[in-house]
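See structure below.
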Amino acid sequence: MATHKNRRIGDVEVSAIGLGGMPMSIEGRPDDESRSVATIHAALDAGITLIDTADAYHLTASDVGHNESLIAKALASYGGDTSNVLVATKGGHLRPGDGSWTLNGSPEYLKQAADASLKRLGVEAIGLYQFHRPDPKTPYADSIGAIRDLLDAGKIRQAGISNANPEQIKQAQEILGGRLVSVQNQFSPAFRSSEPELELCDELGIAFLPWSPLGGISKASDLGEKHPAFHRIAQELQVSPQQLTLAWMLAKSPHVIPIPGSSRPETIRDSYAAVDLELTAEQVAELDAA
């Protein structure tokens with residue numbers, strides 16, 4: 001079962017594996033910013049053309065949007081052509097600076113957040129803007145209505161949602177007039193509860209972007225130990241369990257585009273190599289059942 005190096009988000013062709021920027025900007029981020037820039041450059045060198053970020057990827061209240069600014073800096077300093085790179089960001093999830101996460105899905109806030117992201121990224125329009133997480137205090141339709149307004153105003157080129165259930169996906173697709181291009185949900189060997197959303201995206205032809213596909217920043221290195229089938233098949237194929245996991249996801253649907261987080265050049269290179277890893281139908285079935 002072959003994977004392909006490129007997939008689509010709406011009308012944009014991107015690499016089948018993206019780069020998640022969160023580890024470069026929250027707790028545990030590299031002390032030396034140059035390592036993060038080198039990681040982004042390594043991703044670009046490898047062929048990655050999708051970088052996922054959010055305004056909430058930062059440490060303190062004084063460095064909101066740290067990751068967006070970092071990505072803009074890395075793209076500007078890259079020696080090659082970056083015109084085909086899609087930078088996807090998100091709004092509606094906040095970090096006050098004490099390590100907690102809060103929510104604000106009000107239309108007024110989302111529009112302000114998008115304007116701020118636009119400035120930090122230094123672009124005329126955000127390539128893909130995603131509503132980060134539903135806010136119980138704001139009707140979902142109102143939040144998505146703000147995303148629709150941003151799309152209509154030309155401030156964002158494409159619209160996506162994150163942490164959504166099937167009903168919210170259908171609702172967003174309706175409010176956006178059929179222009180929903182992506183859904184970003186948690187999905188990994190340890191977290192399978194987003195299978196219904198993955199299947200719905202497959203039916204609708206919408207990109208499904210698994211976040212924390214390797215289990216999260218602190219758990220990715222233990223993936224093989226915790227999931228024996230992934231460890232065994234990875235050994236058979238002489239690849240890392242992490243690379244095997246991403247290849248498994250790619251094999252599940254042509255609409256799946258994993259976005260593993262990374263802050264080291266060697267890990268994002270290993271992740272991207274999953275686009276060339278071919279799994280048999282039997283291997284995929286065994287991993288599905290694991």
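By convention in this document, the chains of the structure tokens carry letters A, B, ... by their order, each chain's residues are numbered from 1, and ligands are numbered from 1 in the order they are shown.
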
- Message: Taking 3 positions as the minimum chain separation for residues in the same chain, which residues sit within 8 Å of range 286-288 of chain A when counting only C-alpha atoms? Answer as a VMD selection string.
- Response: chain A and resid 229 to 230 248 282 to 283

Would you write out those residues with N, CA, C and O atoms, as a PDB file, in the first residue's frame?
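Result file is part-v3.pdb:
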ATOM      1  N   ALA A 229       3.088  -3.854  18.752  1.00  0.00           N
ATOM      2  CA  ALA A 229       2.936  -4.126  17.317  1.00  0.00           C
ATOM      3  C   ALA A 229       3.712  -3.106  16.494  1.00  0.00           C
ATOM      4  O   ALA A 229       4.340  -3.452  15.478  1.00  0.00           O
ATOM      5  N   PHE A 230       3.676  -1.859  16.918  1.00  0.00           N
ATOM      6  CA  PHE A 230       4.415  -0.814  16.208  1.00  0.00           C
ATOM      7  C   PHE A 230       5.925  -1.041  16.345  1.00  0.00           C
ATOM      8  O   PHE A 230       6.685  -0.834  15.397  1.00  0.00           O
ATOM      9  N   TRP A 248       1.685   4.520   8.747  1.00  0.00           N
ATOM     10  CA  TRP A 248       0.379   3.888   9.009  1.00  0.00           C
ATOM     11  C   TRP A 248      -0.759   4.879   8.832  1.00  0.00           C
ATOM     12  O   TRP A 248      -1.776   4.591   8.199  1.00  0.00           O
ATOM     13  N   GLU A 282      -1.811  -6.044   5.148  1.00  0.00           N
ATOM     14  CA  GLU A 282      -1.788  -6.845   6.366  1.00  0.00           C
ATOM     15  C   GLU A 282      -1.148  -6.070   7.518  1.00  0.00           C
ATOM     16  O   GLU A 282      -1.622  -6.128   8.659  1.00  0.00           O
ATOM     17  N   GLN A 283      -0.078  -5.372   7.223  1.00  0.00           N
ATOM     18  CA  GLN A 283       0.583  -4.571   8.271  1.00  0.00           C
ATOM     19  C   GLN A 283      -0.333  -3.458   8.762  1.00  0.00           C
ATOM     20  O   GLN A 283      -0.438  -3.217   9.967  1.00  0.00           O
TER      21      GLN A 283
END

Using only C-alpha atoms, find each residue of range 243-276 of chain A with at least one atom at most 9 Å away from an atom of range 169-189 of chain A; report its shortest atom-to-atom pair and that distance in Å (one decimal), sort the rows by chain and rising residue number, and return the result as JSON lines.
{"residue": "A:Thr245", "atom": "CA", "partner": "A:Pro189", "partner_atom": "CA", "distance": 7.5}
{"residue": "A:Met249", "atom": "CA", "partner": "A:Ser188", "partner_atom": "CA", "distance": 8.5}
{"residue": "A:Pro258", "atom": "CA", "partner": "A:Phe187", "partner_atom": "CA", "distance": 8.9}

Output of the above residues as a short mmCIF file (atom, residue, chain, number, x, y, z; two decimals), in the first residue's frame, restricted to N, CA, C and O atoms:
data_model
loop_
_atom_site.label_atom_id
_atom_site.label_comp_id
_atom_site.auth_asym_id
_atom_site.auth_seq_id
_atom_site.Cartn_x
_atom_site.Cartn_y
_atom_site.Cartn_z
N THR A 245 4.61 4.81 12.48
CA THR A 245 3.31 5.36 12.88
C THR A 245 2.79 6.34 11.85
O THR A 245 1.61 6.31 11.48
N MET A 249 -0.57 6.08 9.36
CA MET A 249 -1.61 7.11 9.21
C MET A 249 -1.82 7.48 7.75
O MET A 249 -2.96 7.63 7.29
N PRO A 258 -0.40 13.96 8.68
CA PRO A 258 0.08 14.11 10.05
C PRO A 258 0.99 15.32 10.19
O PRO A 258 1.72 15.68 9.26
#

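Note that the spacing between CA of Gly216 in chain A and CA of Gly261 in chain A amounts to 8.0 Å.
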
Would you write out, as a tab-separated table, a table of all residues in range 138-194 of chain A that have an atom no more than 9 Å from an atom of range 82-94 of chain A, listing for each the closest atom pair and the distance in Å to one decimal, considering only C-alpha atoms and ordering rows by chain and rising residue number?
residue	atom	partner	partner_atom	distance
A:Ser143	CA	A:Gly92	CA	8.8
A:Gly160	CA	A:Lys90	CA	8.7
A:Ile161	CA	A:Lys90	CA	8.4
A:Ser162	CA	A:Lys90	CA	8.4

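For the pair CA of His255 in chain A and CA of Phe208 in chain A, the separation is 5.9 Å.
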